[in-house]
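Pasting model04.txt here (compact mmCIF, C-alpha atoms):
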```txt
# COMPACT_ATOMS: atom_id res chain seq x y z
CA MET Q 22 83.76 122.62 37.26
CA GLY Q 23 85.20 119.15 37.16
CA ILE Q 24 83.90 116.00 38.72
CA LEU Q 25 85.82 114.54 41.62
CA CYS Q 26 85.37 111.11 43.08
CA CYS Q 27 87.28 109.10 45.63
CA ARG Q 28 86.81 105.54 46.79
CA ASN Q 29 88.71 103.44 49.25
CA VAL Q 30 88.29 100.05 50.89
CA ASN Q 31 85.10 101.33 52.51
CA LEU Q 32 83.62 102.11 49.10
CA GLU Q 33 82.92 105.73 49.96
CA LYS Q 34 82.18 107.97 46.95
CA TYR Q 35 82.11 111.71 46.55
CA GLU Q 36 80.86 113.42 43.40
CA ASN Q 37 81.06 117.13 42.52
CA ALA Q 38 83.05 117.60 45.70
CA GLN Q 39 85.53 120.36 46.32
CA SER Q 40 89.04 119.38 47.38
CA PRO Q 41 91.06 121.81 49.51
CA GLU Q 42 93.26 124.32 47.71
CA PRO Q 43 96.98 123.49 48.00
CA ASN Q 44 99.14 125.65 50.23
CA PRO Q 45 102.86 125.73 49.38
CA LYS Q 46 103.70 126.48 53.01
CA LEU Q 47 102.23 123.12 54.00
CA GLU Q 48 104.24 121.09 51.48
CA ASN Q 49 106.53 119.50 54.06
CA ARG Q 50 103.61 118.76 56.33
CA GLN Q 51 101.73 117.19 53.41
CA HIS Q 52 104.74 115.03 52.63
CA ARG Q 53 104.78 113.73 56.18
CA ARG Q 54 101.05 113.09 56.01
CA GLY Q 55 101.55 111.16 52.76
CA ASP Q 56 104.16 108.95 54.41
CA LYS Q 57 101.88 108.37 57.39
CA ARG Q 58 98.96 107.55 55.10
CA ARG Q 59 101.01 104.91 53.30
CA SER Q 60 102.35 103.35 56.49
CA GLU Q 61 98.88 103.14 58.02
CA LYS Q 62 97.47 101.42 54.94
CA ARG Q 63 100.35 98.98 54.66
CA SER Q 64 100.03 97.91 58.27
CA SER Q 65 96.61 96.42 57.55
CA GLY Q 66 97.72 94.25 54.60
CA PRO Q 67 97.48 94.70 50.82
CA SER Q 68 94.88 97.28 49.82
CA ILE Q 69 94.27 100.11 47.38
CA THR Q 70 93.01 103.66 47.55
CA PHE Q 71 91.80 105.41 44.43
CA ALA Q 72 90.46 108.73 43.27
CA ALA Q 73 89.68 110.46 39.98
CA TYR Q 74 89.09 113.93 38.60
CA THR Q 75 87.77 114.96 35.18
CA GLN Q 76 86.80 118.19 33.50
CA GLY Q 77 85.87 119.31 30.01
CA GLY Q 78 88.27 121.31 27.92
CA ARG Q 79 85.54 123.57 26.52
CA PRO Q 80 82.56 123.22 28.86
CA GLU Q 81 80.94 126.38 27.49
CA GLN Q 82 80.75 124.76 24.04
CA GLN Q 83 80.21 121.05 24.65
CA PRO Q 84 80.24 118.57 27.52
CA SER Q 85 83.33 116.50 28.16
CA GLN Q 86 83.75 113.42 25.98
CA ASP Q 87 85.98 111.71 28.55
CA GLU Q 88 84.55 108.94 30.72
CA MET Q 89 86.28 107.25 33.64
CA LEU Q 90 85.62 103.88 35.21
CA ALA Q 91 86.57 102.73 38.71
CA ILE Q 92 85.17 99.47 40.05
CA HIS Q 93 86.42 98.24 43.40
CA LYS Q 94 85.88 94.50 43.93
CA LEU Q 95 84.96 93.72 40.34
CA GLY Q 96 82.33 91.00 40.25
CA GLY Q 97 82.30 90.94 44.05
CA ASP Q 98 85.87 89.62 44.18
CA PRO Q 99 87.80 91.48 46.91
CA TRP Q 100 91.07 90.92 45.03
CA MET Q 101 89.96 92.17 41.62
CA HIS Q 102 89.56 95.82 40.54
CA LEU Q 103 88.97 97.59 37.22
CA PHE Q 104 89.97 101.13 36.23
CA ALA Q 105 89.71 102.83 32.85
CA VAL Q 106 89.67 106.09 30.92
CA PHE Q 107 87.73 106.36 27.67
CA ASP Q 108 88.49 109.46 25.58
CA GLY Q 109 85.82 110.12 22.94
CA HIS Q 110 86.33 112.11 19.75
CA GLY Q 111 84.13 113.24 16.86
CA GLU Q 112 80.55 114.47 16.93
CA PHE Q 113 79.29 111.49 18.92
CA GLY Q 114 82.49 110.74 20.82
CA GLY Q 115 80.82 111.34 24.17
CA GLU Q 116 78.15 108.76 23.41
CA VAL Q 117 80.80 106.24 22.33
CA SER Q 118 82.88 106.69 25.49
CA MET Q 119 79.74 106.40 27.63
CA PHE Q 120 78.78 103.19 25.82
CA LEU Q 121 82.20 101.73 26.59
CA LYS Q 122 81.98 102.75 30.24
CA ARG Q 123 78.56 101.13 30.63
CA ASN Q 124 79.27 97.90 28.79
CA PHE Q 125 82.96 97.02 29.07
CA PRO Q 126 82.75 95.60 32.62
CA ALA Q 127 79.69 93.45 31.90
CA VAL Q 128 81.18 92.02 28.70
CA LEU Q 129 84.45 91.26 30.47
CA LEU Q 130 82.70 89.49 33.34
CA ASN Q 131 80.75 87.36 30.86
CA GLU Q 132 83.87 86.26 28.96
CA ARG Q 133 84.38 82.51 29.19
CA ASP Q 134 88.12 83.03 29.66
CA PHE Q 135 87.66 85.44 32.55
CA PRO Q 136 89.20 85.51 35.10
CA THR Q 137 91.35 82.41 34.42
CA LYS Q 138 92.91 83.90 31.24
CA PRO Q 139 92.78 87.69 31.72
CA VAL Q 140 94.94 88.61 28.71
CA LEU Q 141 92.78 86.69 26.27
CA ALA Q 142 89.58 87.90 27.98
CA LEU Q 143 90.61 91.57 27.72
CA LYS Q 144 91.48 91.23 24.04
CA ASP Q 145 88.20 89.49 23.24
CA THR Q 146 86.25 92.05 25.26
CA CYS Q 147 87.62 94.94 23.18
CA VAL Q 148 86.56 93.24 19.95
CA LYS Q 149 83.14 92.27 21.26
CA VAL Q 150 82.35 95.72 22.67
CA ASN Q 151 83.38 97.28 19.36
CA ASN Q 152 81.10 94.89 17.46
CA MET Q 153 78.25 95.75 19.84
CA LEU Q 154 78.88 99.44 19.22
CA LYS Q 155 78.34 98.89 15.50
CA THR Q 156 74.84 97.54 16.14
CA THR Q 157 73.62 100.46 18.26
CA GLY Q 158 72.56 102.70 15.40
CA LEU Q 159 74.95 105.38 16.61
CA ASP Q 160 76.74 107.21 13.80
CA ILE Q 161 80.36 106.12 14.31
CA CYS Q 162 81.60 106.92 10.82
CA LEU Q 163 83.70 109.80 12.14
CA SER Q 164 83.26 109.26 15.88
CA GLY Q 165 84.96 106.94 18.31
CA SER Q 166 86.94 106.63 21.52
CA THR Q 167 90.27 105.47 22.81
CA GLY Q 168 90.41 103.29 25.89
CA CYS Q 169 93.04 102.59 28.54
CA VAL Q 170 91.90 99.81 30.87
CA CYS Q 171 93.78 98.56 33.93
CA LEU Q 172 92.76 95.33 35.64
CA ILE Q 173 94.17 94.31 39.00
CA ILE Q 174 93.88 90.65 40.04
CA ARG Q 175 95.53 90.00 43.39
CA ASN Q 176 99.12 91.25 42.91
CA THR Q 177 99.09 91.32 39.10
CA LEU Q 178 98.33 94.36 36.94
CA TYR Q 179 97.04 93.99 33.38
CA THR Q 180 97.06 97.04 31.10
CA CYS Q 181 94.82 96.94 28.04
CA ASN Q 182 95.32 99.93 25.76
CA VAL Q 183 93.57 101.05 22.57
CA GLY Q 184 94.71 104.46 21.31
CA ASP Q 185 96.58 107.32 22.94
CA SER Q 186 95.34 107.42 26.51
CA ARG Q 187 98.10 106.33 28.85
CA ALA Q 188 98.90 104.49 32.09
CA ILE Q 189 102.02 105.07 34.18
CA ALA Q 190 103.22 103.68 37.50
CA GLY Q 191 105.20 105.26 40.30
CA VAL Q 192 107.97 102.77 41.05
CA GLY Q 193 110.69 102.86 43.69
CA LEU Q 194 111.12 102.90 47.44
CA SER Q 195 112.93 106.24 47.48
CA GLU Q 196 111.27 109.42 48.69
CA LEU Q 197 110.06 110.29 45.18
CA PRO Q 198 109.27 107.29 42.97
CA ARG Q 199 110.20 107.31 39.30
CA ALA Q 200 107.40 107.39 36.74
CA VAL Q 201 107.35 104.37 34.40
CA GLN Q 202 105.12 104.29 31.33
CA LEU Q 203 103.13 101.06 31.22
CA THR Q 204 101.33 101.44 27.89
CA THR Q 205 102.38 102.19 24.32
CA ASP Q 206 100.73 105.14 22.55
CA HIS Q 207 98.93 104.13 19.37
CA THR Q 208 99.48 107.08 17.02
CA ALA Q 209 101.11 107.64 13.64
CA SER Q 210 104.10 109.04 15.53
CA ASN Q 211 104.82 105.46 16.62
CA PRO Q 212 106.95 103.95 13.79
CA LYS Q 213 105.38 100.51 14.12
CA GLU Q 214 101.87 101.95 14.02
CA LYS Q 215 102.71 104.16 11.06
CA GLN Q 216 104.05 101.17 9.17
CA ARG Q 217 100.90 99.19 9.95
CA ILE Q 218 98.69 102.05 8.70
CA LEU Q 219 100.65 102.36 5.46
CA GLN Q 220 100.50 98.61 4.89
CA ALA Q 221 96.71 98.85 5.24
CA ARG Q 222 96.72 101.45 2.42
CA GLY Q 223 96.11 104.34 4.75
CA ARG Q 224 97.92 107.66 4.48
CA VAL Q 225 99.74 109.66 7.14
CA ILE Q 226 99.99 113.42 6.69
CA LYS Q 227 101.34 115.60 9.51
CA LYS Q 228 100.79 112.79 12.02
CA ARG Q 229 97.12 112.39 11.06
CA ILE Q 230 95.60 109.32 9.43
CA TYR Q 231 93.55 109.40 6.22
CA THR Q 232 92.07 106.85 3.84
CA ALA Q 233 93.69 106.33 0.47
CA ASP Q 234 90.88 108.04 -1.44
CA SER Q 235 89.72 110.90 0.79
CA ASN Q 236 90.76 113.62 3.21
CA LEU Q 237 89.02 111.81 6.05
CA PRO Q 238 89.01 110.94 8.89
CA GLY Q 239 92.15 112.83 9.96
CA LEU Q 240 92.61 110.77 13.12
CA ILE Q 241 95.52 111.08 15.52
CA PRO Q 242 95.06 107.71 17.31
CA SER Q 243 95.83 104.69 15.12
CA ARG Q 244 93.64 102.40 17.24
CA SER Q 245 90.21 103.18 18.60
CA PHE Q 246 86.69 101.93 19.19
CA GLY Q 247 84.21 103.00 16.50
CA ASP Q 248 85.63 105.16 13.70
CA SER Q 249 84.30 103.05 10.83
CA MET Q 250 85.83 105.46 8.30
CA GLY Q 251 89.19 105.04 9.99
CA CYS Q 252 88.94 101.26 9.63
CA ARG Q 253 89.44 101.73 5.89
CA ALA Q 254 92.80 103.34 6.72
CA GLY Q 255 93.93 100.57 9.07
CA VAL Q 256 92.57 101.90 12.36
CA VAL Q 257 91.73 98.88 14.56
CA CYS Q 258 90.34 98.19 18.03
CA GLN Q 259 92.73 95.35 18.92
CA PRO Q 260 94.53 96.30 22.15
CA ASP Q 261 98.04 95.86 23.44
CA VAL Q 262 97.86 93.93 26.72
CA CYS Q 263 100.81 93.93 29.13
CA VAL Q 264 101.25 92.13 32.45
CA TYR Q 265 103.07 93.50 35.50
CA SER Q 266 103.69 92.04 38.93
CA ILE Q 267 102.82 94.56 41.66
CA SER Q 268 105.84 94.39 43.94
CA ALA Q 269 106.60 96.42 47.03
CA GLU Q 270 108.22 99.03 44.76
CA TYR Q 271 104.93 99.88 43.07
CA ARG Q 272 103.58 103.00 44.78
CA PHE Q 273 100.78 104.15 42.50
CA LEU Q 274 99.06 103.79 39.13
CA ALA Q 275 97.84 106.72 37.03
CA VAL Q 276 95.45 106.31 34.07
CA MET Q 277 95.01 109.48 32.00
CA SER Q 278 93.54 110.85 28.82
CA ASP Q 279 95.96 112.58 26.46
CA GLY Q 280 94.67 115.96 27.64
CA VAL Q 281 96.54 115.27 30.90
CA TRP Q 282 99.72 113.39 30.03
CA GLU Q 283 100.57 115.68 27.09
CA ASN Q 284 100.60 118.65 29.48
CA VAL Q 285 102.02 117.30 32.74
CA GLN Q 286 105.44 115.71 33.06
CA PRO Q 287 105.41 112.20 34.60
CA ALA Q 288 107.76 113.35 37.36
CA HIS Q 289 105.27 116.06 38.31
CA ILE Q 290 102.49 113.49 38.50
CA ALA Q 291 104.59 111.44 40.93
CA LYS Q 292 105.28 114.57 42.96
CA HIS Q 293 101.58 115.39 43.23
CA VAL Q 294 100.76 111.89 44.45
CA VAL Q 295 103.53 111.86 47.05
CA LEU Q 296 103.15 115.40 48.38
CA SER Q 297 99.37 115.80 48.38
CA ASP Q 298 97.52 115.38 51.65
CA THR Q 299 95.02 113.03 49.98
CA LEU Q 300 94.83 111.11 46.74
CA THR Q 301 91.69 113.09 45.95
CA SER Q 302 93.53 116.39 46.00
CA ALA Q 303 96.36 114.82 43.97
CA ALA Q 304 93.96 113.86 41.16
CA ARG Q 305 92.50 117.35 41.12
CA GLU Q 306 95.88 119.09 41.12
CA ILE Q 307 97.19 116.94 38.26
CA VAL Q 308 94.28 118.01 36.07
CA LYS Q 309 94.63 121.65 37.18
CA ASP Q 310 98.34 121.47 36.40
CA ALA Q 311 97.48 120.34 32.86
CA GLU Q 312 94.94 123.14 32.58
CA ARG Q 313 97.56 125.73 33.57
CA THR Q 314 99.98 124.42 30.94
CA VAL Q 315 97.30 124.71 28.25
CA HIS Q 316 96.42 128.25 29.32
CA VAL Q 317 100.01 129.51 29.48
CA GLY Q 318 100.99 127.92 26.17
CA ASN Q 319 97.72 128.85 24.43
CA LYS Q 320 97.33 125.18 23.46
CA TYR Q 321 94.30 123.18 22.38
CA ARG Q 322 91.82 122.85 25.25
CA ASP Q 323 91.24 119.13 25.42
CA ASP Q 324 89.15 117.20 27.94
CA MET Q 325 91.20 116.06 30.92
CA THR Q 326 90.79 112.99 33.11
CA ALA Q 327 93.09 111.39 35.69
CA VAL Q 328 92.42 108.20 37.66
CA LEU Q 329 94.86 107.45 40.47
CA VAL Q 330 95.31 104.17 42.33
CA GLU Q 331 97.63 103.94 45.32
CA PHE Q 332 99.03 100.55 46.37
CA HIS Q 333 99.45 99.69 50.04
CA GLY Q 334 101.22 96.64 51.37
CA PHE Q 335 101.73 94.82 48.07
CA GLY Q 336 104.69 92.52 47.55
CA GLU Q 337 103.58 90.31 50.40
CA ASP Q 338 102.04 86.87 49.98
CA VAL Q 339 98.72 88.21 48.73
CA LYS Q 340 97.46 84.87 47.47
CA ALA Q 341 98.02 83.06 50.77
CA GLU Q 342 96.22 85.80 52.71
CA ALA Q 343 93.29 85.78 50.29
CA LEU Q 344 92.91 82.03 50.43
CA ALA Q 345 93.06 82.05 54.23
CA GLU Q 346 90.38 84.74 54.38
CA GLU Q 347 88.11 82.85 52.00
CA ALA Q 348 88.62 79.56 53.86
CA GLU Q 349 87.64 81.19 57.14
CA MET Q 350 84.54 82.66 55.53
CA MET Q 351 83.47 79.30 54.13
CA LYS Q 352 83.65 77.26 57.34
CA ASP Q 353 80.00 77.71 58.27
CA PRO Q 354 77.44 76.53 55.63
CA ASN Q 355 75.20 79.51 56.38
CA ASP Q 356 78.13 81.88 55.87
CA ARG Q 357 78.88 80.16 52.57
CA VAL Q 358 75.34 80.77 51.33
CA ALA Q 359 75.33 84.38 52.53
CA PHE Q 360 78.68 84.96 50.83
CA ALA Q 361 77.39 83.48 47.56
CA ILE Q 362 74.28 85.70 47.68
CA SER Q 363 76.34 88.84 48.29
CA ILE Q 364 78.67 88.02 45.39
CA CYS Q 365 75.73 87.45 43.03
CA GLN Q 366 74.07 90.69 44.10
CA GLU Q 367 77.27 92.67 43.44
CA LEU Q 368 77.68 91.03 40.04
CA ILE Q 369 74.12 91.92 39.05
CA ALA Q 370 74.52 95.49 40.31
CA GLN Q 371 77.57 95.89 38.07
CA GLY Q 372 75.68 94.79 34.99
CA VAL Q 373 75.92 90.99 34.89
CA HIS Q 374 72.71 89.25 33.82
CA PRO Q 375 71.05 87.40 36.76
CA GLU Q 376 71.40 84.08 35.00
CA ASP Q 377 75.16 84.52 34.61
CA ALA Q 378 75.87 85.63 38.17
CA PRO Q 379 75.71 82.11 39.71
CA ASP Q 380 78.53 80.95 37.43
CA ALA Q 381 80.95 82.89 39.62
CA ILE Q 382 80.25 80.71 42.67
CA MET Q 383 81.72 77.26 43.06
CA GLY Q 384 81.72 74.62 45.79
CA LEU Q 385 78.06 74.79 46.83
CA THR Q 386 75.84 71.79 47.40
CA VAL Q 387 72.61 71.49 45.41
CA GLN Q 388 70.61 72.59 48.46
CA GLN Q 389 72.86 75.59 49.06
CA ARG Q 390 72.64 76.59 45.41
CA GLN Q 391 68.88 76.46 45.53
CA GLN Q 392 68.89 78.77 48.54
CA VAL Q 393 71.02 81.29 46.67
CA ILE Q 394 68.89 80.99 43.53
CA GLU Q 395 65.71 81.76 45.45
CA ALA Q 396 67.30 84.70 47.31
CA VAL Q 397 68.82 86.30 44.22
CA GLY Q 398 65.96 85.53 41.85
CA SER Q 399 63.29 87.02 44.12
CA GLY Q 400 65.15 90.30 44.48
CA HIS Q 401 66.17 91.01 40.88
CA GLN Q 402 63.28 91.12 38.47
CA THR Q 403 64.37 94.34 36.80
CA GLU Q 404 66.95 95.30 34.21
CA GLN Q 405 70.31 96.17 35.64
CA PRO Q 406 72.22 99.38 34.95
CA GLY Q 407 75.18 98.88 32.65
CA ALA Q 408 73.95 95.63 31.12
CA VAL Q 409 73.26 95.46 27.41
CA GLN Q 410 69.50 95.09 27.61
CA GLY Q 411 68.19 97.49 24.99
CA VAL Q 412 69.28 100.32 22.76
CA GLY Q 413 67.87 103.81 22.82
CA SER Q 414 67.86 106.45 20.11
CA MET Q 415 71.49 107.38 20.76
CA GLY Q 416 72.68 103.81 20.92
CA LEU Q 417 73.10 103.70 24.68
CA THR Q 418 71.50 101.30 27.09
CA THR Q 419 68.19 102.60 28.37
CA SER Q 420 67.75 100.40 31.41
CA SER Q 421 67.58 101.80 34.91
CA PRO Q 422 67.37 100.24 38.35
CA ASN Q 423 63.64 101.00 38.57
CA SER Q 424 62.57 100.16 35.04
CA ALA Q 425 60.49 97.08 34.34
CA SER Q 426 62.24 94.25 32.53
CA ASP Q 427 61.17 93.16 29.05
CA THR Q 428 62.71 89.76 29.62
CA ASP Q 429 61.22 86.95 31.68
CA SER Q 430 63.24 86.19 34.79
CA SER Q 431 63.81 82.59 33.78
CA THR Q 432 64.21 82.69 30.00
CA GLY Q 433 65.00 85.25 27.30
CA SER Q 434 67.87 86.98 25.56
CA ASP Q 435 71.14 88.46 26.74
CA GLY Q 436 70.61 91.69 24.79
CA VAL Q 437 72.98 90.86 21.95
CA GLY Q 438 70.95 88.25 20.15
CA ARG Q 439 71.89 85.04 21.98
CA SER Q 440 69.13 82.94 23.49
CA ARG Q 441 69.50 82.03 27.13
CA LYS Q 442 68.45 78.99 29.06
CA PRO Q 443 66.71 79.51 32.40
CA TRP Q 444 69.35 80.86 34.75
CA TYR Q 445 68.42 78.58 37.62
CA LYS Q 446 68.95 75.56 35.35
CA SER Q 447 72.17 77.06 34.06
CA TRP Q 448 73.48 77.05 37.59
CA LEU Q 449 72.31 73.53 38.39
CA GLY Q 450 73.74 72.20 35.16
CA GLY Q 451 70.43 71.63 33.36
CA ASN Q 452 69.98 72.10 29.65
CA GLY Q 453 67.25 74.70 29.96
CA ASP Q 454 64.53 72.56 28.41
CA GLU Q 455 61.15 72.43 30.06
```

Target format structure tokens, applied to this file:
Amino acid sequence: MGILCCRNVNLEKYENAQSPEPNPKLENRQHRRGDKRRSEKRSSGPSITFAAYTQGGRPEQQPSQDEMLAIHKLGGDPWMHLFAVFDGHGEFGGEVSMFLKRNFPAVLLNERDFPTKPVLALKDTCVKVNNMLKTTGLDICLSGSTGCVCLIIRNTLYTCNVGDSRAIAGVGLSELPRAVQLTTDHTASNPKEKQRILQARGRVIKKRIYTADSNLPGLIPSRSFGDSMGCRAGVVCQPDVCVYSISAEYRFLAVMSDGVWENVQPAHIAKHVVLSDTLTSAAREIVKDAERTVHVGNKYRDDMTAVLVEFHGFGEDVKAEALAEEAEMMKDPNDRVAFAISICQELIAQGVHPEDAPDAIMGLTVQQRQQVIEAVGSGHQTEQPGAVQGVGSMGLTTSSPNSASDTDSSTGSDGVGRSRKPWYKSWLGGNGDE
């Protein structure tokens, strides 16, 4: 059984849920419902709806090594969202993809160039997360993961791709949008990637990558996280980052592992999104469509994950509306403090260290800042899920919402070896000295 989740602007989530079976007789009715769903969403201004479905290719033998990430209102910002698919491979590929899922958002939010310079921040995050992975003690000699990350900031889409997972968009105002590939696959089948591998003294045999002096690692992706053996053959973790403006023609975004896009035509993906009664059922049917192709063709049973994001009402003046909403919220000083507290709490819940959360809030007086500091500091004395606090035996973070913190609330380390000044002084501009 796969895992199904759906979230919308109300942040509702469903796990291990069953979506309704499709009925061909209802196809026209579903199409009309899809049109109505889009028109209803667009009437209330720019928004997104998203859903995901994942299942293992060989669940009777091993758990799925795919991990998906969907964060609505990243860092508490109502105009910023993060979606990703991490496809692990090798003996410990599942642990690698889980590590990326848990730590990528927190590292990105802590980047000094984020969110003012998203392209640079995404590139640096990939390198930093990969360096962190090397220090976990996890055996990544022949294990790793690809990663396809999509960041939405207001009406701009940033794709950050490492490996052969893929993102496509449904574009066009016609009844059935055309599918446009947004990312470039990093494999030896790509002439530029093959040339880069050969220049790094790697070898390519039957589309697989090997070192110059061994028959390992035999990788298909030419870029990945981990895979220390592959690094000797030119395999790198540096991503390709592309920028797209989300116009009114953009209908949906699909982020998929190769187990899906290799087995479902892009046009069929667009058809599922448009004709399905809900985005949830569309995600499920796309994966089931891939599963049917594998079964009929007696192909390799790979893990399959699809994350779908539907755009509603984009192409309007998103920035003006956002600024007006924020200005209205900030009129009352008490509202300003409450807003700052809520943003900090969401940041911490998503893995940001309590001392870094205040950096996201600007325009507060010293008195207002102190109020927020006291409110946030008194309620978060524990380690946060997803943050890089400690490393367990498998190299994954071991913190939990109810576990006691090993770090003092005012001073300590960020989990990757850097000393921290007291977070309340960080906010107020102090140097952290007693």

Would you list the contacts of Q:Cys258 as a PDB file with C-alpha atoms, keeping the file's coordinate frame, taking every protein, DNA or RNA residue within 7 Å and counting only C-alpha atoms, but skipping same-chain residues closer than 4 positions in sequence?
```
ATOM      1  CA  CYS Q 147      87.620  94.940  23.180  1.00  0.00           C
ATOM      2  CA  VAL Q 148      86.560  93.240  19.950  1.00  0.00           C
ATOM      3  CA  VAL Q 183      93.570 101.050  22.570  1.00  0.00           C
ATOM      4  CA  ARG Q 244      93.640 102.400  17.240  1.00  0.00           C
ATOM      5  CA  SER Q 245      90.210 103.180  18.600  1.00  0.00           C
ATOM      6  CA  PHE Q 246      86.690 101.930  19.190  1.00  0.00           C
TER       7      PHE Q 246
END
```

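With distances taken over all atoms listed in the file, Q:Gly191 is the one residue among Q:Gly334, Q:Gly191, Q:Gly165, Q:Pro136 lying closest to Q:Lys292.
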
Checklist entry - Which residues, written as a count of residues only, have at least one atom at most 6 Å from stretch 94-109 of chain Q, with only C-alpha atoms counted and residues fewer than 5 positions away on the same chain left out? => result 21

Next on the checklist: To one decimal place in Å, what is the distance between atom CA of Q:Val262 and atom CA of Q:Thr180?
Outcome noted: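 Computed distance, atom CA of Q:Val262 to atom CA of Q:Thr180, equals 5.4 Å.
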
Checklist outcome for this item: Correct to one decimal, the distance atom CA of Q:Asp261-atom CA of Q:Val128 is 18.1 Å

Item to check | Surrounding residues of Q:Ser164 excluding itself and chain neighbours under 6 positions, 7 Å, all atoms listed in the file, as a PyMOL selection string | outcome: chain Q and resi 110-114+247-248

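Remark: for Q:Tyr271, the closest of the candidate residues Q:Gln259, Q:Thr146, Q:Asn319, Q:Asn176 is Q:Asn176 (distances computed over all atoms listed in the file).
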
Item to check | Distance of atom CA of Q:Thr326 from atom CA of Q:Gln83, expressed in Å to one decimal place | outcome: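 Separation between atom CA of Q:Gln83 and atom CA of Q:Thr326: 15.8 Å.
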
Contact residues around Q:Ile69 with all atoms listed in the file at 6 Å, ignoring same-chain residues under 5 positions, as an mmCIF file with C-alpha atoms, in the coordinates of the input:
```
data_model
loop_
_atom_site.group_PDB
_atom_site.id
_atom_site.type_symbol
_atom_site.label_atom_id
_atom_site.label_comp_id
_atom_site.auth_asym_id
_atom_site.auth_seq_id
_atom_site.Cartn_x
_atom_site.Cartn_y
_atom_site.Cartn_z
ATOM 1 C CA GLU Q 331 97.630 103.940 45.320
ATOM 2 C CA PHE Q 332 99.030 100.550 46.370
ATOM 3 C CA HIS Q 333 99.450 99.690 50.040
#
```

Checklist entry - Q:Asp134, Q:Asp310, Q:Asp185, Q:Asp279: which is nearest Q:His293, counting all atoms listed in the file? => result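 Closest candidate: Q:Asp310.
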
Checklist entry - Looking at all atoms listed in the file, which of Q:Ala396, Q:Met325, Q:Leu159, Q:Gln388 is the one that sits closest to Q:Ser363? => result Q:Ala396
